[in-house]
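Down below is the structure, laid out as structure tokens.
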Amino acid sequence: MADKNMVVGYLPDEKPSIGKAIVFALQQFLVMLPATILAAIIMNGNGLVIYSIPAAVFASGVATISFLFITKFKIPLYYGSSFSYIPAVGIVVGYAVNSLMITDNIQVLGAILIASVISGLMSIAAGLLIKYFGKEKIDQILPGHITGMIAMIIGLSLAGNTVGSILTPNPGLYAGNDWLSVLVALITFLTISILTVVLRKGFISQIPILIGLLVGVIFSYTIWVPFSESTGGYTQYFNDLKVASTVKMLDVMPWNTIPAAFSNPSLIWVAILAIFPIAFATIPESAAHVNQIDLYVNDLSAQKGGKTYNISNLLDQNLIGDGVGDIVAVVLGGPAGTNYGENISASAVTKNFSSYVFLITGLIAILIGLLLEIAGLGDLSLILTKPVIQGVSLYLFGAIAVQGIALMIDKKVDVFDPKVIAVMAFIGIVGLGVGEIQITDTFIIPGIGLAAFGGILLNLLLNFLSKKSK
């Protein structure tokens, strides 16, 4: 039998030496960095640059530290930008630019901020509901066939825009189909897909999206930029990059964004209806992460002969922490977020679940975000090309949709139940078939919001009628 004192690893309430903690924290920072930055970059590719990259990094650090304090350092997780919000943000930006003719990125970000705060409050409410009434109440309001379908339509909602942007990445310069853009997007997509299958061990297995992005960038600058009619060649492309707009960190602070948003209240309502359903989709994801970290931590604790950590019973604290993290992140100019599976994997590989390490990781993110802003490196994202961004989106949006299906399988959704069929049918058809409903000249209802809210009400009605009929 192995000596328990020889077992390597750190539990949530254990602290490595400061030197080791900094090394572990740097690793966790590097694991989260590609996804946190990439989410902001993709959301900046919808026709309006709204996010500051330094602010996104800075905000993730502050949100993580806030999460740790809310959960009393019992749940060792990192909080970064969520990909689930990308389609909803795309809807808001598209409506602002195309319907309202708004070109003020600060005004649009303000509307997204307000809507994301409401989404965060919904996560907090879900946590309080679980805390005082039990998890069963959440399952009654948000059963698997609702949360799974919402996640699926979130992933598929921008399918047309993604493919359209691949075919015509720069319609202002060249409106025809750009087959070199298609080639680069497919290379990016296939690289990510293949690497997720063949890379199974080590740190490299956690960064297939980053590697795919780098491969796509290489092909962009060797094939697409010099030879595509959509770019005009190297000279014009790099000239365009020089004059491209970037966002300063101070510009995206709440004292600028919130007042700007109220200059057009209709955009705020559209943002709320587009973004609030995301909370419904992220609650199951958050619960899965809590259960996952519980298994890893207790396995290590058993090897060390330690106590049992009841992390899986802290779902209420986790959801409250998630909501607070959302609010903190968006108020500081970053995208709304979620706790990261990438960091859970890194913890599992290194057997390091120390909450103290994640505290230092958050501090590093704050420092790096400030350094990026001071050094003027917030425009680094502009070197990524549209075919690469859309190739990554092709994978990520599809993955979000598949996660919705996986959620319904995990929840053992009975697809032969007439109530379930009716609710799934409504959410699926309305969510994908209705882009938006025009109420007035300046106000619309996004299809995702209508599908989510209507699906919840329909499910409650059918459950009530079913009980009455019995």
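Naming works like this for the structure tokens: A, B, ... for the chains as they're shown, residue 1 at the start of each chain, ligands 1 onward in shown order.
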Which residues, written as a list of chain:residue names, have at least one atom at most 8 Å from stretch 214-224 of chain A, with only C-alpha atoms counted and residues fewer than 3 positions away on the same chain left out?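 After dropping sequence-adjacent residues, the list is A:Leu180, A:Ser181, A:Val184, A:Ala185, A:Ile187, A:Thr188, A:Thr191, A:Leu210, A:Ile211, A:Phe227, A:Ser228, A:Thr231, A:Leu384, A:Thr385, A:Pro387, A:Val388.
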Store the residues picked out above in a file with N, CA and C atoms, as a PDB file, in the first residue's frame.
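As written to disk, again36.pdb reads:
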ATOM      1  N   LEU A 180     -11.238  30.966 -51.172  1.00  0.00           N
ATOM      2  CA  LEU A 180     -10.029  30.892 -50.359  1.00  0.00           C
ATOM      3  C   LEU A 180     -10.372  31.089 -48.877  1.00  0.00           C
ATOM      4  N   SER A 181     -11.349  31.934 -48.631  1.00  0.00           N
ATOM      5  CA  SER A 181     -11.845  32.096 -47.260  1.00  0.00           C
ATOM      6  C   SER A 181     -12.457  30.791 -46.765  1.00  0.00           C
ATOM      7  N   VAL A 184      -9.594  28.361 -45.852  1.00  0.00           N
ATOM      8  CA  VAL A 184      -8.933  28.667 -44.580  1.00  0.00           C
ATOM      9  C   VAL A 184      -9.845  28.325 -43.408  1.00  0.00           C
ATOM     10  N   ALA A 185     -11.133  28.644 -43.516  1.00  0.00           N
ATOM     11  CA  ALA A 185     -12.084  28.321 -42.441  1.00  0.00           C
ATOM     12  C   ALA A 185     -12.168  26.812 -42.219  1.00  0.00           C
ATOM     13  N   ILE A 187      -9.834  24.567 -42.995  1.00  0.00           N
ATOM     14  CA  ILE A 187      -8.564  24.118 -42.429  1.00  0.00           C
ATOM     15  C   ILE A 187      -8.555  24.355 -40.923  1.00  0.00           C
ATOM     16  N   THR A 188      -9.025  25.540 -40.508  1.00  0.00           N
ATOM     17  CA  THR A 188      -9.096  25.862 -39.073  1.00  0.00           C
ATOM     18  C   THR A 188     -10.018  24.889 -38.354  1.00  0.00           C
ATOM     19  N   THR A 191      -8.536  21.289 -38.296  1.00  0.00           N
ATOM     20  CA  THR A 191      -7.407  21.188 -37.373  1.00  0.00           C
ATOM     21  C   THR A 191      -7.887  21.022 -35.943  1.00  0.00           C
ATOM     22  N   LEU A 210      -6.582  26.718 -29.583  1.00  0.00           N
ATOM     23  CA  LEU A 210      -5.483  27.657 -29.785  1.00  0.00           C
ATOM     24  C   LEU A 210      -4.587  27.207 -30.935  1.00  0.00           C
ATOM     25  N   ILE A 211      -4.268  25.921 -30.986  1.00  0.00           N
ATOM     26  CA  ILE A 211      -3.416  25.407 -32.065  1.00  0.00           C
ATOM     27  C   ILE A 211      -4.121  25.553 -33.411  1.00  0.00           C
ATOM     28  N   PHE A 227      -3.888  36.508 -51.983  1.00  0.00           N
ATOM     29  CA  PHE A 227      -4.506  36.087 -53.238  1.00  0.00           C
ATOM     30  C   PHE A 227      -6.016  36.290 -53.323  1.00  0.00           C
ATOM     31  N   SER A 228      -6.670  36.620 -52.214  1.00  0.00           N
ATOM     32  CA  SER A 228      -8.124  36.762 -52.242  1.00  0.00           C
ATOM     33  C   SER A 228      -8.533  38.163 -52.684  1.00  0.00           C
ATOM     34  N   THR A 231      -9.519  40.754 -49.844  1.00  0.00           N
ATOM     35  CA  THR A 231      -8.541  41.466 -49.004  1.00  0.00           C
ATOM     36  C   THR A 231      -7.829  42.579 -49.754  1.00  0.00           C
ATOM     37  N   LEU A 384      -5.821  38.456 -36.313  1.00  0.00           N
ATOM     38  CA  LEU A 384      -6.594  37.264 -36.680  1.00  0.00           C
ATOM     39  C   LEU A 384      -7.536  37.632 -37.824  1.00  0.00           C
ATOM     40  N   THR A 385      -7.677  36.737 -38.772  1.00  0.00           N
ATOM     41  CA  THR A 385      -8.487  37.031 -39.952  1.00  0.00           C
ATOM     42  C   THR A 385      -9.907  36.502 -39.799  1.00  0.00           C
ATOM     43  N   PRO A 387     -11.769  34.592 -41.831  1.00  0.00           N
ATOM     44  CA  PRO A 387     -11.960  33.152 -42.075  1.00  0.00           C
ATOM     45  C   PRO A 387     -11.567  32.292 -40.876  1.00  0.00           C
ATOM     46  N   VAL A 388     -10.519  32.697 -40.161  1.00  0.00           N
ATOM     47  CA  VAL A 388     -10.089  31.933 -38.985  1.00  0.00           C
ATOM     48  C   VAL A 388     -11.120  32.063 -37.868  1.00  0.00           C
TER      49      VAL A 388
END
Among stretch 282-470 of chain A, which ones does DSSP assign to helix (DSSP H, G or I) (computed from the backbone)? Answer as JSON, numbers by chain. {"A": [282, 283, 284, 285, 286, 287, 288, 289, 290, 291, 292, 293, 294, 295, 296, 297, 298, 299, 300, 301, 302, 303, 311, 312, 313, 314, 315, 316, 317, 318, 319, 320, 321, 322, 323, 324, 325, 326, 327, 328, 329, 330, 331, 341, 342, 343, 344, 345, 346, 347, 348, 349, 350, 355, 356, 357, 358, 359, 360, 361, 362, 363, 364, 365, 366, 367, 368, 369, 370, 371, 372, 373, 374, 380, 381, 382, 383, 386, 387, 388, 389, 390, 391, 392, 393, 394, 395, 396, 397, 398, 399, 400, 401, 402, 403, 404, 405, 406, 407, 408, 409, 410, 418, 419, 420, 421, 422, 423, 424, 425, 426, 427, 428, 429, 430, 431, 432, 433, 447, 448, 449, 450, 451, 452, 453, 454, 455, 456, 457, 458, 459, 460, 461, 462, 463, 464, 465, 466, 467, 468, 469]}
Keeping only C-alpha atoms, write those residues as a compact mmCIF listing (two decimals), in the first residue's frame.
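Saved result, selection20.txt, follows:
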# COMPACT_ATOMS: atom_id res chain seq x y z
CA THR A 282 -25.33 27.83 -18.22
CA ILE A 283 -26.98 26.56 -15.02
CA PRO A 284 -26.70 22.86 -16.06
CA GLU A 285 -23.14 23.47 -17.29
CA SER A 286 -22.22 24.99 -13.94
CA ALA A 287 -23.79 22.06 -12.08
CA ALA A 288 -21.79 19.60 -14.20
CA HIS A 289 -18.54 21.40 -13.35
CA VAL A 290 -19.32 21.27 -9.62
CA ASN A 291 -19.96 17.52 -9.78
CA GLN A 292 -16.81 17.02 -11.84
CA ILE A 293 -14.57 18.92 -9.41
CA ASP A 294 -16.19 17.04 -6.51
CA LEU A 295 -15.11 13.69 -7.99
CA TYR A 296 -11.53 14.79 -8.59
CA VAL A 297 -11.08 16.44 -5.19
CA ASN A 298 -12.52 13.53 -3.19
CA ASP A 299 -10.46 11.01 -5.14
CA LEU A 300 -7.28 12.91 -4.21
CA SER A 301 -8.47 13.33 -0.62
CA ALA A 302 -9.11 9.57 -0.34
CA GLN A 303 -5.58 8.88 -1.60
CA ILE A 311 -18.51 20.18 -3.17
CA SER A 312 -21.41 18.64 -5.10
CA ASN A 313 -23.73 19.93 -2.37
CA LEU A 314 -22.56 23.50 -2.98
CA LEU A 315 -24.49 24.01 -6.22
CA ASP A 316 -26.41 26.89 -4.66
CA GLN A 317 -23.20 28.72 -3.68
CA ASN A 318 -21.74 27.97 -7.09
CA LEU A 319 -24.71 29.51 -8.93
CA ILE A 320 -24.67 32.57 -6.67
CA GLY A 321 -20.94 32.87 -7.32
CA ASP A 322 -21.58 32.49 -11.06
CA GLY A 323 -24.11 35.29 -11.01
CA VAL A 324 -21.82 37.59 -9.04
CA GLY A 325 -18.98 36.70 -11.43
CA ASP A 326 -21.15 37.67 -14.41
CA ILE A 327 -22.05 41.01 -12.87
CA VAL A 328 -18.47 41.81 -11.86
CA ALA A 329 -17.05 40.83 -15.25
CA VAL A 330 -19.48 42.86 -17.36
CA VAL A 331 -19.34 45.91 -15.10
CA GLY A 341 -13.67 23.20 -17.79
CA GLU A 342 -10.16 23.82 -19.16
CA ASN A 343 -8.95 24.77 -15.68
CA ILE A 344 -10.68 21.75 -14.15
CA SER A 345 -8.75 19.55 -16.60
CA ALA A 346 -5.49 21.33 -15.72
CA SER A 347 -6.21 20.77 -12.02
CA ALA A 348 -6.95 17.10 -12.62
CA VAL A 349 -3.71 16.61 -14.57
CA THR A 350 -1.55 18.39 -11.97
CA SER A 355 -8.21 27.63 -4.00
CA TYR A 356 -5.20 29.68 -2.92
CA VAL A 357 -3.63 29.00 -6.35
CA PHE A 358 -6.76 30.25 -8.11
CA LEU A 359 -6.63 33.40 -6.00
CA ILE A 360 -3.11 34.04 -7.29
CA THR A 361 -4.27 33.19 -10.84
CA GLY A 362 -6.91 35.92 -10.57
CA LEU A 363 -4.29 38.40 -9.36
CA ILE A 364 -2.03 37.50 -12.30
CA ALA A 365 -4.92 38.08 -14.72
CA ILE A 366 -5.54 41.51 -13.22
CA LEU A 367 -1.85 42.40 -13.55
CA ILE A 368 -1.55 41.09 -17.14
CA GLY A 369 -4.73 42.91 -18.18
CA LEU A 370 -3.32 46.19 -16.88
CA LEU A 371 0.05 45.56 -18.54
CA LEU A 372 -1.62 44.83 -21.91
CA GLU A 373 -3.46 48.14 -21.66
CA ILE A 374 -0.40 50.13 -20.60
CA LEU A 380 -3.25 42.15 -31.05
CA SER A 381 -6.53 40.41 -31.84
CA LEU A 382 -6.78 42.34 -35.10
CA ILE A 383 -4.12 40.16 -36.72
CA LYS A 386 -12.23 36.64 -40.51
CA PRO A 387 -11.96 33.15 -42.07
CA VAL A 388 -10.09 31.93 -38.99
CA ILE A 389 -12.55 33.52 -36.56
CA GLN A 390 -15.49 32.04 -38.43
CA GLY A 391 -13.76 28.65 -38.72
CA VAL A 392 -13.40 28.59 -34.95
CA SER A 393 -17.02 29.76 -34.60
CA LEU A 394 -18.12 26.91 -36.86
CA TYR A 395 -16.68 24.47 -34.34
CA LEU A 396 -17.69 26.27 -31.15
CA PHE A 397 -21.30 27.04 -32.11
CA GLY A 398 -21.77 23.44 -33.18
CA ALA A 399 -20.21 22.21 -29.94
CA ILE A 400 -22.62 24.35 -27.89
CA ALA A 401 -25.54 22.83 -29.82
CA VAL A 402 -24.23 19.30 -29.24
CA GLN A 403 -23.84 20.03 -25.53
CA GLY A 404 -27.56 20.80 -25.46
CA ILE A 405 -28.28 17.36 -26.93
CA ALA A 406 -25.84 15.75 -24.47
CA LEU A 407 -27.62 17.49 -21.60
CA MET A 408 -30.97 16.04 -22.67
CA ILE A 409 -29.41 12.57 -22.91
CA ASP A 410 -27.83 12.95 -19.47
CA PRO A 418 -46.51 14.57 -25.31
CA LYS A 419 -45.73 17.44 -22.90
CA VAL A 420 -42.03 17.19 -23.65
CA ILE A 421 -42.62 17.01 -27.40
CA ALA A 422 -44.80 20.13 -27.34
CA VAL A 423 -42.30 22.20 -25.34
CA MET A 424 -39.30 21.05 -27.38
CA ALA A 425 -41.18 21.71 -30.61
CA PHE A 426 -42.04 25.26 -29.55
CA ILE A 427 -38.53 26.12 -28.38
CA GLY A 428 -36.84 24.56 -31.42
CA ILE A 429 -39.08 25.98 -34.13
CA VAL A 430 -39.54 29.44 -32.63
CA GLY A 431 -35.91 29.72 -31.54
CA LEU A 432 -34.54 28.82 -34.97
CA GLY A 433 -37.40 29.97 -37.17
CA GLY A 447 -36.43 34.61 -31.30
CA ILE A 448 -34.20 33.11 -28.61
CA GLY A 449 -35.84 35.15 -25.86
CA LEU A 450 -39.35 34.37 -27.11
CA ALA A 451 -38.54 30.66 -27.39
CA ALA A 452 -37.03 30.43 -23.90
CA PHE A 453 -39.68 32.43 -22.08
CA GLY A 454 -42.54 30.84 -24.03
CA GLY A 455 -41.14 27.34 -23.50
CA ILE A 456 -40.98 27.82 -19.73
CA LEU A 457 -44.57 29.11 -19.57
CA LEU A 458 -45.83 26.35 -21.88
CA ASN A 459 -44.12 23.69 -19.77
CA LEU A 460 -45.68 25.03 -16.55
CA LEU A 461 -49.12 25.17 -18.21
CA LEU A 462 -48.93 21.61 -19.56
CA ASN A 463 -47.70 20.25 -16.21
CA PHE A 464 -50.63 21.99 -14.48
CA LEU A 465 -53.16 20.59 -16.97
CA SER A 466 -51.61 17.12 -16.71
CA LYS A 467 -52.01 17.11 -12.94
CA LYS A 468 -55.59 18.40 -13.20
CA SER A 469 -56.51 15.70 -15.71
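Atom CA of A:Ala56 to atom CA of A:Leu195 spans 26.7 Å [interatomic distance, one decimal].
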Write out as an mmCIF file with all heavy atoms, in the first residue's frame the residues lying within 10 Å of A:Leu113, counting only C-alpha atoms and excluding same-chain residues fewer than 6 positions away.
data_model
loop_
_atom_site.group_PDB
_atom_site.id
_atom_site.type_symbol
_atom_site.label_atom_id
_atom_site.label_comp_id
_atom_site.auth_asym_id
_atom_site.auth_seq_id
_atom_site.Cartn_x
_atom_site.Cartn_y
_atom_site.Cartn_z
ATOM 1 N N GLN A 107 -22.287 52.481 -26.616
ATOM 2 C CA GLN A 107 -23.738 52.404 -26.395
ATOM 3 C C GLN A 107 -24.223 50.958 -26.459
ATOM 4 O O GLN A 107 -25.007 50.517 -25.615
ATOM 5 C CB GLN A 107 -24.464 53.247 -27.448
ATOM 6 C CG GLN A 107 -25.976 53.268 -27.287
ATOM 7 C CD GLN A 107 -26.644 54.153 -28.340
ATOM 8 O OE1 GLN A 107 -26.043 55.084 -28.842
ATOM 9 N NE2 GLN A 107 -27.881 53.850 -28.668
ATOM 10 N N SER A 119 -29.033 38.712 -16.411
ATOM 11 C CA SER A 119 -28.743 37.280 -16.536
ATOM 12 C C SER A 119 -28.008 36.782 -15.295
ATOM 13 O O SER A 119 -28.303 35.694 -14.777
ATOM 14 C CB SER A 119 -27.899 37.024 -17.790
ATOM 15 O OG SER A 119 -27.556 35.662 -17.904
ATOM 16 N N VAL A 252 -14.644 51.333 -21.624
ATOM 17 C CA VAL A 252 -15.680 50.317 -21.397
ATOM 18 C C VAL A 252 -16.064 50.208 -19.924
ATOM 19 O O VAL A 252 -16.735 49.255 -19.527
ATOM 20 C CB VAL A 252 -15.228 48.936 -21.929
ATOM 21 C CG1 VAL A 252 -15.011 49.000 -23.426
ATOM 22 C CG2 VAL A 252 -13.942 48.461 -21.239
ATOM 23 N N PRO A 254 -18.209 51.238 -16.543
ATOM 24 C CA PRO A 254 -19.662 51.467 -16.446
ATOM 25 C C PRO A 254 -20.089 52.931 -16.483
ATOM 26 O O PRO A 254 -21.198 53.243 -16.923
ATOM 27 C CB PRO A 254 -20.037 50.809 -15.113
ATOM 28 C CG PRO A 254 -18.758 50.702 -14.346
ATOM 29 C CD PRO A 254 -17.705 50.485 -15.371
ATOM 30 N N THR A 257 -20.438 53.320 -20.263
ATOM 31 C CA THR A 257 -21.330 52.439 -21.015
ATOM 32 C C THR A 257 -22.793 52.538 -20.590
ATOM 33 O O THR A 257 -23.683 52.548 -21.448
ATOM 34 C CB THR A 257 -20.862 50.978 -20.874
ATOM 35 O OG1 THR A 257 -20.772 50.630 -19.485
ATOM 36 C CG2 THR A 257 -19.504 50.789 -21.526
ATOM 37 N N ILE A 258 -23.055 52.605 -19.285
ATOM 38 C CA ILE A 258 -24.453 52.602 -18.825
ATOM 39 C C ILE A 258 -25.198 53.867 -19.252
ATOM 40 O O ILE A 258 -26.308 53.781 -19.815
ATOM 41 C CB ILE A 258 -24.515 52.383 -17.298
ATOM 42 C CG1 ILE A 258 -24.010 50.984 -16.955
ATOM 43 C CG2 ILE A 258 -25.946 52.571 -16.790
ATOM 44 C CD1 ILE A 258 -23.957 50.683 -15.470
ATOM 45 N N ALA A 261 -26.033 53.644 -22.901
ATOM 46 C CA ALA A 261 -27.084 52.684 -23.238
ATOM 47 C C ALA A 261 -28.470 53.293 -23.129
ATOM 48 O O ALA A 261 -29.359 53.015 -23.947
ATOM 49 C CB ALA A 261 -26.979 51.458 -22.331
ATOM 50 N N ILE A 268 -31.835 48.250 -25.128
ATOM 51 C CA ILE A 268 -31.678 47.563 -23.846
ATOM 52 C C ILE A 268 -32.662 46.403 -23.759
ATOM 53 O O ILE A 268 -32.302 45.289 -23.357
ATOM 54 C CB ILE A 268 -31.882 48.535 -22.673
ATOM 55 C CG1 ILE A 268 -30.802 49.623 -22.682
ATOM 56 C CG2 ILE A 268 -31.875 47.788 -21.338
ATOM 57 C CD1 ILE A 268 -30.991 50.690 -21.621
ATOM 58 N N ALA A 271 -31.592 43.590 -25.936
ATOM 59 C CA ALA A 271 -30.455 42.895 -25.333
ATOM 60 C C ALA A 271 -30.908 41.968 -24.208
ATOM 61 O O ALA A 271 -30.437 40.825 -24.098
ATOM 62 C CB ALA A 271 -29.442 43.913 -24.805
ATOM 63 N N ILE A 272 -31.834 42.439 -23.389
ATOM 64 C CA ILE A 272 -32.335 41.609 -22.283
ATOM 65 C C ILE A 272 -32.992 40.344 -22.825
ATOM 66 O O ILE A 272 -32.727 39.227 -22.357
ATOM 67 C CB ILE A 272 -33.319 42.406 -21.414
ATOM 68 C CG1 ILE A 272 -32.579 43.505 -20.654
ATOM 69 C CG2 ILE A 272 -34.062 41.489 -20.441
ATOM 70 C CD1 ILE A 272 -33.488 44.487 -19.943
ATOM 71 N N ILE A 275 -30.302 37.979 -24.261
ATOM 72 C CA ILE A 275 -29.245 37.468 -23.386
ATOM 73 C C ILE A 275 -29.763 36.703 -22.175
ATOM 74 O O ILE A 275 -29.115 35.761 -21.710
ATOM 75 C CB ILE A 275 -28.322 38.638 -22.953
ATOM 76 C CG1 ILE A 275 -27.499 39.112 -24.167
ATOM 77 C CG2 ILE A 275 -27.404 38.253 -21.807
ATOM 78 C CD1 ILE A 275 -26.668 40.350 -23.917
ATOM 79 N N ASP A 326 -20.610 37.025 -13.205
ATOM 80 C CA ASP A 326 -21.151 37.669 -14.406
ATOM 81 C C ASP A 326 -21.244 39.176 -14.226
ATOM 82 O O ASP A 326 -20.812 39.956 -15.084
ATOM 83 C CB ASP A 326 -22.548 37.121 -14.722
ATOM 84 C CG ASP A 326 -22.497 35.889 -15.607
ATOM 85 O OD1 ASP A 326 -21.441 35.624 -16.198
ATOM 86 O OD2 ASP A 326 -23.522 35.207 -15.715
ATOM 87 N N ILE A 327 -21.829 39.572 -13.119
ATOM 88 C CA ILE A 327 -22.049 41.005 -12.873
ATOM 89 C C ILE A 327 -20.721 41.739 -12.777
ATOM 90 O O ILE A 327 -20.528 42.800 -13.383
ATOM 91 C CB ILE A 327 -22.894 41.198 -11.604
ATOM 92 C CG1 ILE A 327 -24.308 40.633 -11.831
ATOM 93 C CG2 ILE A 327 -22.958 42.668 -11.208
ATOM 94 C CD1 ILE A 327 -25.158 40.550 -10.577
ATOM 95 N N ALA A 329 -17.777 40.845 -13.977
ATOM 96 C CA ALA A 329 -17.051 40.829 -15.254
ATOM 97 C C ALA A 329 -17.591 41.871 -16.226
ATOM 98 O O ALA A 329 -16.830 42.614 -16.847
ATOM 99 C CB ALA A 329 -17.121 39.438 -15.877
ATOM 100 N N VAL A 330 -18.914 41.941 -16.365
ATOM 101 C CA VAL A 330 -19.475 42.864 -17.363
ATOM 102 C C VAL A 330 -19.386 44.317 -16.906
ATOM 103 O O VAL A 330 -19.222 45.219 -17.728
ATOM 104 C CB VAL A 330 -20.933 42.496 -17.719
ATOM 105 C CG1 VAL A 330 -20.999 41.102 -18.332
ATOM 106 C CG2 VAL A 330 -21.863 42.583 -16.515
ATOM 107 N N VAL A 331 -19.476 44.547 -15.603
ATOM 108 C CA VAL A 331 -19.336 45.911 -15.101
ATOM 109 C C VAL A 331 -17.932 46.443 -15.375
ATOM 110 O O VAL A 331 -17.741 47.637 -15.628
ATOM 111 C CB VAL A 331 -19.670 45.974 -13.595
ATOM 112 C CG1 VAL A 331 -19.195 47.275 -12.977
ATOM 113 C CG2 VAL A 331 -21.178 45.824 -13.381
ATOM 114 N N LEU A 332 -16.947 45.532 -15.396
ATOM 115 C CA LEU A 332 -15.561 45.929 -15.661
ATOM 116 C C LEU A 332 -15.217 45.880 -17.153
ATOM 117 O O LEU A 332 -14.048 45.941 -17.525
ATOM 118 C CB LEU A 332 -14.607 45.038 -14.865
ATOM 119 C CG LEU A 332 -14.665 45.224 -13.349
ATOM 120 C CD1 LEU A 332 -13.769 44.212 -12.645
ATOM 121 C CD2 LEU A 332 -14.270 46.641 -12.958
ATOM 122 N N GLY A 333 -16.238 45.740 -18.000
ATOM 123 C CA GLY A 333 -16.018 45.830 -19.432
ATOM 124 C C GLY A 333 -15.696 44.535 -20.128
ATOM 125 O O GLY A 333 -15.384 44.523 -21.327
ATOM 126 N N GLY A 334 -15.768 43.408 -19.424
ATOM 127 C CA GLY A 334 -15.501 42.114 -20.046
ATOM 128 C C GLY A 334 -16.780 41.398 -20.438
ATOM 129 O O GLY A 334 -17.879 41.837 -20.097
ATOM 130 N N PRO A 335 -16.660 40.292 -21.175
ATOM 131 C CA PRO A 335 -17.845 39.489 -21.493
ATOM 132 C C PRO A 335 -18.347 38.746 -20.255
ATOM 133 O O PRO A 335 -17.578 38.498 -19.323
ATOM 134 C CB PRO A 335 -17.323 38.484 -22.542
ATOM 135 C CG PRO A 335 -15.994 39.018 -22.987
ATOM 136 C CD PRO A 335 -15.449 39.795 -21.832
ATOM 137 N N ALA A 336 -19.618 38.405 -20.245
ATOM 138 C CA ALA A 336 -20.142 37.533 -19.191
ATOM 139 C C ALA A 336 -19.452 36.179 -19.304
ATOM 140 O O ALA A 336 -18.941 35.810 -20.367
ATOM 141 C CB ALA A 336 -21.656 37.385 -19.336
#
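Closest approach to A:Val434 among A:Thr196, A:Ser157, A:Thr64, A:Ser116 is made by A:Ser157 (distances from only C-alpha atoms).
Here the question is which of A:Ala40, A:Leu173, A:Ser123, A:Gly47 gets nearest to A:Asp104 using only C-alpha atoms, and that residue is A:Gly47.
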Please, what distance in Å, to one decimal, runs between atom CA of A:Asp178 and atom CA of A:Leu213?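 Calculated distance between atom CA of A:Asp178 and atom CA of A:Leu213 is 19.4 Å.
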